>>> print(open('my_file_7.txt').read())   # compact mmCIF, C-alpha atoms
# COMPACT_ATOMS: atom_id res chain seq x y z
CA MET A 93 -62.11 7.89 17.39
CA ASN A 94 -59.62 5.66 15.59
CA TYR A 95 -56.44 7.29 14.34
CA PHE A 96 -53.46 6.21 12.27
CA LEU A 97 -50.48 8.56 12.57
CA THR A 98 -48.08 7.66 9.80
CA SER A 99 -44.77 8.80 8.42
CA ASN A 100 -45.27 7.96 4.74
CA PRO A 101 -47.93 5.29 4.15
CA LEU A 102 -47.51 5.15 0.37
CA LEU A 103 -45.60 3.00 -2.08
CA ALA A 104 -45.31 5.67 -4.75
CA THR A 105 -43.98 3.57 -7.62
CA GLU A 106 -46.65 0.90 -7.09
CA GLN A 107 -49.33 3.56 -6.46
CA LYS A 108 -50.59 1.64 -3.45
CA LEU A 109 -50.66 1.92 0.31
CA ASN A 110 -47.77 0.30 2.10
CA PRO A 111 -49.20 -2.95 3.55
CA SER A 112 -46.28 -3.37 5.97
CA ASN A 113 -47.01 -3.67 9.68
CA LYS A 114 -50.67 -4.59 9.03
CA PHE A 115 -51.43 -1.04 7.93
CA VAL A 116 -53.93 -1.88 5.20
CA ASP A 117 -55.48 -4.70 7.23
CA ASN A 118 -55.96 -2.42 10.24
CA LEU A 119 -57.42 0.34 8.08
CA LYS A 120 -59.96 -2.05 6.60
CA GLU A 121 -61.23 -2.84 10.09
CA CYS A 122 -62.07 0.85 10.56
CA ILE A 123 -63.00 2.13 7.09
CA SER A 124 -65.76 0.97 4.77
CA ASN A 125 -65.63 1.29 0.98
CA GLN A 126 -68.47 3.80 0.88
CA ASP A 127 -67.05 6.16 3.48
CA LYS A 128 -66.96 9.86 2.70
CA VAL A 129 -63.36 11.04 2.90
CA LEU A 130 -62.06 14.56 3.48
CA PHE A 131 -58.46 15.40 2.60
CA ILE A 132 -57.28 18.46 4.58
CA CYS A 133 -54.30 20.22 3.04
CA SER A 134 -51.07 21.42 4.63
CA ASN A 135 -50.97 24.79 2.83
CA PRO A 136 -54.41 26.24 2.03
CA ASN A 137 -53.05 28.32 -0.87
CA SER A 138 -50.90 25.70 -2.62
CA TYR A 139 -53.67 24.45 -4.89
CA GLN A 140 -51.48 22.71 -7.45
CA LEU A 141 -49.51 20.80 -4.81
CA THR A 142 -52.67 19.92 -2.89
CA ASP A 143 -54.41 18.63 -6.03
CA LYS A 144 -51.37 16.53 -6.95
CA PHE A 145 -50.92 15.00 -3.50
CA SER A 146 -54.62 14.43 -2.81
CA GLU A 147 -55.05 12.64 -6.14
CA GLU A 148 -52.00 10.47 -5.42
CA ILE A 149 -53.52 9.56 -2.06
CA ARG A 150 -56.91 8.78 -3.60
CA ILE A 151 -55.35 6.52 -6.24
CA CYS A 152 -53.22 4.67 -3.68
CA PHE A 153 -56.28 3.99 -1.53
CA PHE A 154 -58.31 2.87 -4.55
CA ASN A 155 -55.56 0.52 -5.73
CA SER A 156 -55.42 -0.94 -2.22
CA GLY A 157 -59.10 -1.83 -2.22
CA PHE A 158 -60.79 1.31 -0.86
CA GLU A 159 -63.61 2.56 -3.09
CA PHE A 160 -64.80 5.64 -1.25
CA GLY A 161 -68.28 7.03 -1.65
CA LYS A 162 -66.88 10.57 -1.83
CA PHE A 163 -63.43 12.16 -1.75
CA THR A 164 -63.26 15.91 -1.08
CA VAL A 165 -60.42 18.38 -0.51
CA LEU A 166 -60.46 21.14 2.11
CA ASP A 167 -58.29 24.18 1.40
CA ASN A 168 -59.03 27.86 0.82
CA ARG A 169 -61.15 27.01 -2.24
CA THR A 170 -63.63 25.09 -0.11
CA VAL A 171 -63.05 26.61 3.34
CA ILE A 172 -66.45 28.33 3.31
CA GLU A 173 -67.97 24.83 3.43
CA LYS A 174 -65.66 23.58 6.19
CA LYS A 175 -68.33 22.74 8.76
CA LEU A 176 -70.38 20.68 6.31
CA LEU A 177 -67.32 18.94 4.82
CA ILE A 178 -65.93 18.00 8.22
CA ARG A 179 -69.29 16.96 9.61
CA GLU A 180 -70.22 14.65 6.73
CA ALA A 181 -66.80 12.95 6.47
CA ASN A 182 -66.37 9.50 7.98
CA THR A 183 -62.62 9.56 7.40
CA ILE A 184 -60.28 12.55 7.47
CA ILE A 185 -56.80 12.50 5.94
CA LEU A 186 -54.37 15.15 7.19
CA ALA A 187 -51.75 15.95 4.56
CA GLY A 188 -48.01 16.13 4.93
CA GLY A 189 -46.10 19.37 4.49
CA HIS A 190 -44.72 22.23 6.60
CA VAL A 191 -45.83 21.74 10.20
CA PRO A 192 -46.27 25.41 11.27
CA THR A 193 -48.09 26.32 8.03
CA GLN A 194 -50.54 23.47 8.47
CA ASN A 195 -50.88 24.21 12.18
CA THR A 196 -51.91 27.78 11.38
CA PHE A 197 -54.57 26.56 8.92
CA PHE A 198 -55.92 24.03 11.41
CA ASN A 199 -56.30 26.83 13.95
CA GLU A 200 -57.93 29.12 11.40
CA ILE A 201 -60.63 26.55 10.63
CA ASP A 202 -60.90 25.60 14.32
CA LEU A 203 -60.36 21.96 13.40
CA LYS A 204 -59.79 20.88 17.00
CA SER A 205 -63.29 22.01 17.99
CA GLU A 206 -64.82 20.57 14.82
CA LEU A 207 -63.39 17.13 15.64
CA LYS A 208 -64.30 17.21 19.33
CA ASN A 209 -66.62 14.41 20.40
CA THR A 210 -66.74 12.94 16.89
CA ASN A 211 -66.20 9.30 15.95
CA LYS A 212 -64.25 9.72 12.74
CA VAL A 213 -61.20 7.86 11.47
CA ILE A 214 -58.18 10.17 11.33
CA ILE A 215 -55.22 9.36 9.08
CA GLY A 216 -52.21 11.61 9.58
CA ILE A 217 -49.37 11.79 7.09
CA SER A 218 -46.05 13.27 8.23
CA ALA A 219 -46.88 16.86 9.27
CA GLY A 220 -50.51 15.84 9.65
CA SER A 221 -49.46 13.24 12.21
CA MET A 222 -47.28 15.75 14.05
CA ASN A 223 -50.11 18.27 14.29
CA CYS A 224 -52.39 15.67 15.92
CA ALA A 225 -50.51 16.08 19.20
CA ASP A 226 -51.88 18.11 22.08
CA GLU A 227 -48.56 19.97 22.17
CA VAL A 228 -46.89 19.80 18.75
CA TYR A 229 -43.13 19.63 18.43
CA ALA A 230 -42.46 21.49 15.18
CA GLN A 231 -39.01 20.08 14.48
CA PRO A 232 -37.08 22.73 12.49
CA ASP A 233 -37.31 21.83 8.82
CA LEU A 234 -36.42 24.78 6.59
CA GLU A 235 -33.14 26.65 6.41
CA GLY A 236 -32.91 29.28 9.12
CA GLU A 237 -35.61 27.83 11.37
CA SER A 238 -33.23 26.25 13.88
CA VAL A 239 -31.38 29.54 14.46
CA SER A 240 -34.35 31.91 14.30
CA THR A 241 -35.44 33.43 17.61
CA ASN A 242 -38.92 33.88 16.14
CA TYR A 243 -39.45 30.24 15.20
CA LYS A 244 -41.78 28.48 17.64
CA ARG A 245 -40.86 24.85 18.18
CA PHE A 246 -43.86 23.98 20.34
CA LEU A 247 -47.39 24.72 19.14
CA LYS A 248 -50.94 23.92 20.15
CA GLY A 249 -52.21 20.92 18.19
CA LEU A 250 -55.44 19.01 17.66
CA GLY A 251 -55.21 17.13 20.95
CA ILE A 252 -55.95 13.75 19.39
CA THR A 253 -52.87 12.28 21.07
CA LYS A 254 -50.24 13.30 23.58
CA SER A 255 -47.56 11.56 21.51
CA HIS A 256 -45.01 13.61 19.59
CA ILE A 257 -44.46 11.92 16.22
CA LEU A 258 -41.26 12.58 14.24
CA PRO A 259 -41.68 11.07 10.75
CA HIS A 260 -39.18 9.88 8.12
CA TYR A 261 -36.55 8.97 10.71
CA ASN A 262 -34.88 6.49 8.37
CA LEU A 263 -34.46 9.24 5.76
CA ILE A 264 -33.48 12.25 7.87
CA LYS A 265 -31.66 10.87 10.92
CA ASP A 266 -28.28 11.86 9.45
CA SER A 267 -29.47 15.18 7.99
CA TYR A 268 -27.98 18.61 8.65
CA LEU A 269 -29.84 21.90 9.02
CA ASP A 270 -28.23 25.32 9.37
CA GLY A 271 -24.83 23.64 9.60
CA LYS A 272 -25.87 21.42 12.51
CA LYS A 273 -26.85 17.77 12.84
CA LEU A 274 -30.66 17.80 12.77
CA PHE A 275 -31.05 15.26 15.56
CA GLU A 276 -27.89 15.29 17.67
CA GLU A 277 -27.48 19.07 17.73
CA ILE A 278 -31.07 20.27 17.45
CA THR A 279 -33.77 17.72 18.27
CA TYR A 280 -31.89 16.00 21.09
CA LEU A 281 -31.50 19.35 22.84
CA ASP A 282 -35.24 19.97 22.52
CA SER A 283 -36.06 16.56 24.00
CA PHE A 284 -35.17 17.33 27.63
CA GLY A 285 -38.32 16.84 29.66
CA LYS A 286 -40.08 15.57 26.53
CA GLU A 287 -40.55 12.28 24.70
CA PHE A 288 -40.50 12.17 20.91
CA ILE A 289 -41.42 9.07 18.89
CA ALA A 290 -39.32 8.88 15.73
CA ILE A 291 -40.81 6.50 13.17
CA ASN A 292 -39.59 5.18 9.84
CA ASP A 293 -41.61 5.31 6.65
CA GLY A 294 -43.99 2.36 6.77
CA SER A 295 -44.37 2.61 10.54
CA TYR A 296 -47.29 4.27 12.31
CA LEU A 297 -49.00 4.87 15.62
CA TYR A 298 -52.53 3.52 15.99
CA GLY A 299 -54.92 4.73 18.66
CA ASN A 300 -58.59 4.24 19.48
CA GLY A 301 -59.11 6.81 22.20
CA THR A 302 -58.22 4.51 25.08
CA GLN A 303 -54.93 2.92 24.03
CA GLU A 304 -52.15 3.41 21.52
CA LYS A 305 -49.81 0.99 19.77
CA ILE A 306 -46.83 1.59 17.51
CA TYR A 307 -46.52 -0.66 14.48
CA GLY A 308 -43.12 -0.96 12.83
CA GLU A 309 -39.66 0.37 13.57
CA SER A 310 -39.57 3.33 15.92
CA TYR A 311 -37.37 5.12 18.42
CA ILE A 312 -37.90 7.14 21.58
CA ILE A 313 -35.91 10.36 21.85
CA SER A 314 -35.93 11.80 25.36
CA ASP A 315 -33.57 13.80 27.57
CA GLY A 316 -30.93 13.91 24.85
CA ASN A 317 -30.89 10.15 24.21
CA VAL A 318 -32.36 7.79 21.62
CA LYS A 319 -33.61 4.26 22.25
CA LYS A 320 -35.02 1.79 19.74
CA LEU A 321 -38.43 0.38 20.58
CA LEU A 322 -39.42 -3.21 19.98
CA SER A 323 -41.35 -3.62 16.75
CA SER A 324 -44.95 -4.80 16.87
>>> encode(input="my_file_7.txt", output="structure tokens")
Amino acid sequence: MNYFLTSNPLLATEQKLNPSNKFVDNLKECISNQDKVLFICSNPNSYQLTDKFSEEIRICFFNSGFEFGKFTVLDNRTVIEKKLLIREANTIILAGGHVPTQNTFFNEIDLKSELKNTNKVIIGISAGSMNCADEVYAQPDLEGESVSTNYKRFLKGLGITKSHILPHYNLIKDSYLDGKKLFEEITYLDSFGKEFIAINDGSYLYGNGTQEKIYGESYIISDGNVKKLLSS
């Protein structure tokens, strides 16, 4: 299995994939133009948002030279066909969104088992990348989550990687949530005994089942400290 765990791989204004860090070149080594692609949503009931985002993704791939044989969306409208859709797909794109909501849907459709022992290309976007971990760190995102005693910060993921991806680091590193610094006062405290990989938009983690490599600017957050990694 080849997998690309991204932060945001799109150039929205150009309606293309971001070619930085050999992303498009590396994708073309793994994906053929006639591949069947399955886009799996983040919220199975948000049809309008899913349609908008999936179409944006399809257009960006097309404008970057990928003419897929088929492009299908999996949400609650098509969930009855999940086994067939997953089985016939060569490439699976995991949408961005709210990590726990997507994680719940992945568990409901038993996606981990459906992907076991398959040789598909997996492309994670933001939350989709985070949920690829064996143990997912669901970094608090919405107001109230960081102070809620009911909010679970560690969830069971797809087990594609052991790496904890934190996307959009360049955009959110100075953010506040619930009156606290998102990283220094929340995420750093959660990093003791853990190792989180914070990546900027345009960066990504590539893996092939035996080794992993980070392309682009990234940082390791562990035991309450942050360290910049060398760019590939």
>>> residues_around(input="my_file_7.txt", residues="A:Ala290", least_positions_apart="4", cutoff="7 Å", atoms="all atoms listed in the file", output="PDB file with C-alpha atoms, in the coordinates of the input")
ATOM      1  CA  ILE A 257     -44.460  11.920  16.220  1.00  0.00           C
ATOM      2  CA  LEU A 258     -41.260  12.580  14.240  1.00  0.00           C
ATOM      3  CA  PRO A 259     -41.680  11.070  10.750  1.00  0.00           C
ATOM      4  CA  TYR A 261     -36.550   8.970  10.710  1.00  0.00           C
ATOM      5  CA  SER A 310     -39.570   3.330  15.920  1.00  0.00           C
ATOM      6  CA  TYR A 311     -37.370   5.120  18.420  1.00  0.00           C
ATOM      7  CA  ILE A 312     -37.900   7.140  21.580  1.00  0.00           C
TER       8      ILE A 312
END
>>> residues_around(input="my_file_7.txt", residues="A:Phe284", least_positions_apart="3", cutoff="8 Å", atoms="only C-alpha atoms", output="number ranges by chain")
A: 280-281, 287, 314-316
>>> closest_residue(input="my_file_7.txt", among="A:Lys286, A:Ile215, A:Ile252, A:Tyr307", to="A:Pro111", atoms="all atoms listed in the file")
A:Tyr307
>>> residues_around(input="my_file_7.txt", residues="A:Met222", least_positions_apart="2", cutoff="9 Å", atoms="all atoms listed in the file", output="list in words")
Leu97, Val191, Gly216, Ile217, Ser218, Ala219, Gly220, Cys224, Ala225, Val228, Tyr229, Ala230, Gly249, Ser255, His256, Ile257, Leu258 and Pro259 of chain A
>>> closest_residue(input="my_file_7.txt", among="A:Lys120, A:Leu269, A:Val129, A:Phe153", to="A:Ala104", atoms="all atoms listed in the file")
A:Phe153
>>> closest_residue(input="my_file_7.txt", among="A:Gly285, A:Gly251, A:Gly161, A:Pro101", to="A:Ala181", atoms="all atoms listed in the file")
A:Gly161
>>> residues_around(input="my_file_7.txt", residues="A:Leu109", least_positions_apart="6", cutoff="12 Å", atoms="only C-alpha atoms", output="PyMOL selection string")
chain A and resi 98+100-103+115-117+119-120+148-158+293-294
>>> axis_aligned_box(input="my_file_7.txt", around="stretch 96-100 of chain A", padding_each_side="3 Å", output="JSON")
{"center_x": -49.1, "center_y": 7.5, "center_z": 8.7, "size_x": 14.7, "size_y": 8.6, "size_z": 13.8}
>>> atom_distance(input="my_file_7.txt", atom1="atom CA of A:Phe145", atom2="atom CA of A:Phe163")
12.9 Å
>>> closest_residue(input="my_file_7.txt", among="A:Asn113, A:Ser124, A:Asn223, A:Thr164", to="A:Leu247", atoms="all atoms listed in the file")
A:Asn223
>>> atom_distance(input="my_file_7.txt", atom1="atom CA of A:Asp127", atom2="atom CA of A:His190")
27.7 Å
>>> atom_distance(input="my_file_7.txt", atom1="atom CA of A:Tyr243", atom2="atom CA of A:Asp270")
13.6 Å
>>> closest_residue(input="my_file_7.txt", among="A:Leu250, A:Leu177, A:Val165, A:Leu130", to="A:Asp202", atoms="all atoms listed in the file")
A:Leu250
>>> decode(input="my_file_7.txt", residues="stretch 147-162 of chain A", atoms="all heavy atoms", output="mmCIF file, in the first residue's frame")
data_model
loop_
_atom_site.group_PDB
_atom_site.id
_atom_site.type_symbol
_atom_site.label_atom_id
_atom_site.label_comp_id
_atom_site.auth_asym_id
_atom_site.auth_seq_id
_atom_site.Cartn_x
_atom_site.Cartn_y
_atom_site.Cartn_z
ATOM 1 N N GLU A 147 -15.944 17.588 -5.526
ATOM 2 C CA GLU A 147 -15.832 18.121 -6.879
ATOM 3 C C GLU A 147 -14.586 18.999 -7.019
ATOM 4 O O GLU A 147 -13.907 18.967 -8.060
ATOM 5 C CB GLU A 147 -17.085 18.919 -7.232
ATOM 6 C CG GLU A 147 -17.094 19.522 -8.633
ATOM 7 C CD GLU A 147 -17.055 18.496 -9.755
ATOM 8 O OE1 GLU A 147 -17.169 17.275 -9.474
ATOM 9 O OE2 GLU A 147 -16.905 18.899 -10.925
ATOM 10 N N GLU A 148 -14.274 19.753 -5.984
ATOM 11 C CA GLU A 148 -13.053 20.564 -6.000
ATOM 12 C C GLU A 148 -11.826 19.664 -6.125
ATOM 13 O O GLU A 148 -10.907 19.944 -6.910
ATOM 14 C CB GLU A 148 -12.958 21.409 -4.725
ATOM 15 C CG GLU A 148 -11.724 22.297 -4.672
ATOM 16 C CD GLU A 148 -11.627 23.102 -3.381
ATOM 17 O OE1 GLU A 148 -12.398 22.824 -2.439
ATOM 18 O OE2 GLU A 148 -10.768 24.001 -3.315
ATOM 19 N N ILE A 149 -11.826 18.584 -5.380
ATOM 20 C CA ILE A 149 -10.719 17.627 -5.444
ATOM 21 C C ILE A 149 -10.605 17.019 -6.844
ATOM 22 O O ILE A 149 -9.518 16.936 -7.431
ATOM 23 C CB ILE A 149 -10.917 16.512 -4.406
ATOM 24 C CG1 ILE A 149 -10.744 17.043 -2.989
ATOM 25 C CG2 ILE A 149 -9.959 15.345 -4.669
ATOM 26 C CD1 ILE A 149 -9.330 17.381 -2.631
ATOM 27 N N ARG A 150 -11.735 16.593 -7.393
ATOM 28 C CA ARG A 150 -11.730 15.968 -8.720
ATOM 29 C C ARG A 150 -11.174 16.918 -9.770
ATOM 30 O O ARG A 150 -10.347 16.529 -10.605
ATOM 31 C CB ARG A 150 -13.149 15.538 -9.107
ATOM 32 C CG ARG A 150 -13.208 14.686 -10.369
ATOM 33 C CD ARG A 150 -14.621 14.549 -10.883
ATOM 34 N NE ARG A 150 -15.171 15.830 -11.325
ATOM 35 C CZ ARG A 150 -14.885 16.409 -12.486
ATOM 36 N NH1 ARG A 150 -14.051 15.827 -13.334
ATOM 37 N NH2 ARG A 150 -15.422 17.569 -12.802
ATOM 38 N N ILE A 151 -11.605 18.187 -9.720
ATOM 39 C CA ILE A 151 -11.144 19.178 -10.689
ATOM 40 C C ILE A 151 -9.643 19.435 -10.541
ATOM 41 O O ILE A 151 -8.916 19.530 -11.536
ATOM 42 C CB ILE A 151 -11.942 20.490 -10.529
ATOM 43 C CG1 ILE A 151 -13.386 20.284 -10.998
ATOM 44 C CG2 ILE A 151 -11.290 21.628 -11.309
ATOM 45 C CD1 ILE A 151 -14.300 21.456 -10.704
ATOM 46 N N CYS A 152 -9.170 19.540 -9.299
ATOM 47 C CA CYS A 152 -7.747 19.782 -9.066
ATOM 48 C C CYS A 152 -6.898 18.624 -9.596
ATOM 49 O O CYS A 152 -5.832 18.841 -10.187
ATOM 50 C CB CYS A 152 -7.487 20.002 -7.578
ATOM 51 S SG CYS A 152 -8.036 21.611 -6.966
ATOM 52 N N PHE A 153 -7.358 17.401 -9.412
ATOM 53 C CA PHE A 153 -6.631 16.254 -9.956
ATOM 54 C C PHE A 153 -6.652 16.288 -11.486
ATOM 55 O O PHE A 153 -5.630 16.065 -12.134
ATOM 56 C CB PHE A 153 -7.242 14.946 -9.440
ATOM 57 C CG PHE A 153 -6.618 14.448 -8.165
ATOM 58 C CD1 PHE A 153 -7.092 14.854 -6.934
ATOM 59 C CD2 PHE A 153 -5.552 13.568 -8.211
ATOM 60 C CE1 PHE A 153 -6.511 14.395 -5.757
ATOM 61 C CE2 PHE A 153 -4.955 13.098 -7.042
ATOM 62 C CZ PHE A 153 -5.442 13.515 -5.809
ATOM 63 N N PHE A 154 -7.820 16.566 -12.051
ATOM 64 C CA PHE A 154 -7.943 16.605 -13.513
ATOM 65 C C PHE A 154 -7.022 17.664 -14.108
ATOM 66 O O PHE A 154 -6.322 17.413 -15.100
ATOM 67 C CB PHE A 154 -9.393 16.887 -13.906
ATOM 68 C CG PHE A 154 -9.618 16.939 -15.389
ATOM 69 C CD1 PHE A 154 -9.763 15.767 -16.124
ATOM 70 C CD2 PHE A 154 -9.667 18.159 -16.062
ATOM 71 C CE1 PHE A 154 -9.954 15.809 -17.504
ATOM 72 C CE2 PHE A 154 -9.852 18.211 -17.433
ATOM 73 C CZ PHE A 154 -9.999 17.038 -18.155
ATOM 74 N N ASN A 155 -7.013 18.845 -13.506
ATOM 75 C CA ASN A 155 -6.180 19.936 -14.009
ATOM 76 C C ASN A 155 -4.695 19.686 -13.804
ATOM 77 O O ASN A 155 -3.858 20.388 -14.374
ATOM 78 C CB ASN A 155 -6.580 21.258 -13.348
ATOM 79 C CG ASN A 155 -7.937 21.753 -13.804
ATOM 80 O OD1 ASN A 155 -8.438 21.353 -14.852
ATOM 81 N ND2 ASN A 155 -8.547 22.637 -13.017
ATOM 82 N N SER A 156 -4.371 18.683 -12.980
ATOM 83 C CA SER A 156 -2.965 18.332 -12.748
ATOM 84 C C SER A 156 -2.549 17.097 -13.534
ATOM 85 O O SER A 156 -1.474 16.538 -13.310
ATOM 86 C CB SER A 156 -2.725 18.106 -11.247
ATOM 87 O OG SER A 156 -2.974 19.301 -10.521
ATOM 88 N N GLY A 157 -3.430 16.669 -14.444
ATOM 89 C CA GLY A 157 -3.065 15.590 -15.353
ATOM 90 C C GLY A 157 -3.600 14.214 -15.022
ATOM 91 O O GLY A 157 -3.185 13.220 -15.629
ATOM 92 N N PHE A 158 -4.547 14.126 -14.066
ATOM 93 C CA PHE A 158 -5.111 12.831 -13.694
ATOM 94 C C PHE A 158 -6.525 12.707 -14.268
ATOM 95 O O PHE A 158 -7.456 13.362 -13.803
ATOM 96 C CB PHE A 158 -5.153 12.677 -12.174
ATOM 97 C CG PHE A 158 -3.798 12.669 -11.522
ATOM 98 C CD1 PHE A 158 -3.213 13.855 -11.100
ATOM 99 C CD2 PHE A 158 -3.099 11.476 -11.348
ATOM 100 C CE1 PHE A 158 -1.967 13.853 -10.491
ATOM 101 C CE2 PHE A 158 -1.845 11.473 -10.752
ATOM 102 C CZ PHE A 158 -1.287 12.663 -10.326
ATOM 103 N N GLU A 159 -6.680 11.856 -15.263
ATOM 104 C CA GLU A 159 -7.997 11.618 -15.855
ATOM 105 C C GLU A 159 -8.489 10.245 -15.387
ATOM 106 O O GLU A 159 -8.209 9.218 -15.994
ATOM 107 C CB GLU A 159 -7.908 11.680 -17.380
ATOM 108 C CG GLU A 159 -7.468 13.037 -17.900
ATOM 109 C CD GLU A 159 -7.427 13.092 -19.412
ATOM 110 O OE1 GLU A 159 -8.060 12.220 -20.044
ATOM 111 O OE2 GLU A 159 -6.754 13.986 -19.948
ATOM 112 N N PHE A 160 -9.208 10.244 -14.276
ATOM 113 C CA PHE A 160 -9.611 8.996 -13.661
ATOM 114 C C PHE A 160 -10.686 8.282 -14.480
ATOM 115 O O PHE A 160 -11.521 8.903 -15.132
ATOM 116 C CB PHE A 160 -10.146 9.255 -12.249
ATOM 117 C CG PHE A 160 -9.118 9.821 -11.306
ATOM 118 C CD1 PHE A 160 -9.391 10.935 -10.525
ATOM 119 C CD2 PHE A 160 -7.872 9.237 -11.196
ATOM 120 C CE1 PHE A 160 -8.450 11.445 -9.654
ATOM 121 C CE2 PHE A 160 -6.910 9.743 -10.332
ATOM 122 C CZ PHE A 160 -7.208 10.854 -9.561
ATOM 123 N N GLY A 161 -10.671 6.952 -14.389
ATOM 124 C CA GLY A 161 -11.688 6.179 -15.064
ATOM 125 C C GLY A 161 -13.041 6.323 -14.398
ATOM 126 O O GLY A 161 -14.090 6.259 -15.053
ATOM 127 N N LYS A 162 -13.031 6.533 -13.063
ATOM 128 C CA LYS A 162 -14.274 6.673 -12.303
ATOM 129 C C LYS A 162 -13.980 7.433 -11.020
ATOM 130 O O LYS A 162 -12.918 7.253 -10.418
ATOM 131 C CB LYS A 162 -14.861 5.295 -11.988
ATOM 132 C CG LYS A 162 -16.230 5.303 -11.345
ATOM 133 C CD LYS A 162 -16.736 3.872 -11.164
ATOM 134 C CE LYS A 162 -18.132 3.843 -10.559
ATOM 135 N NZ LYS A 162 -18.613 2.436 -10.376
#
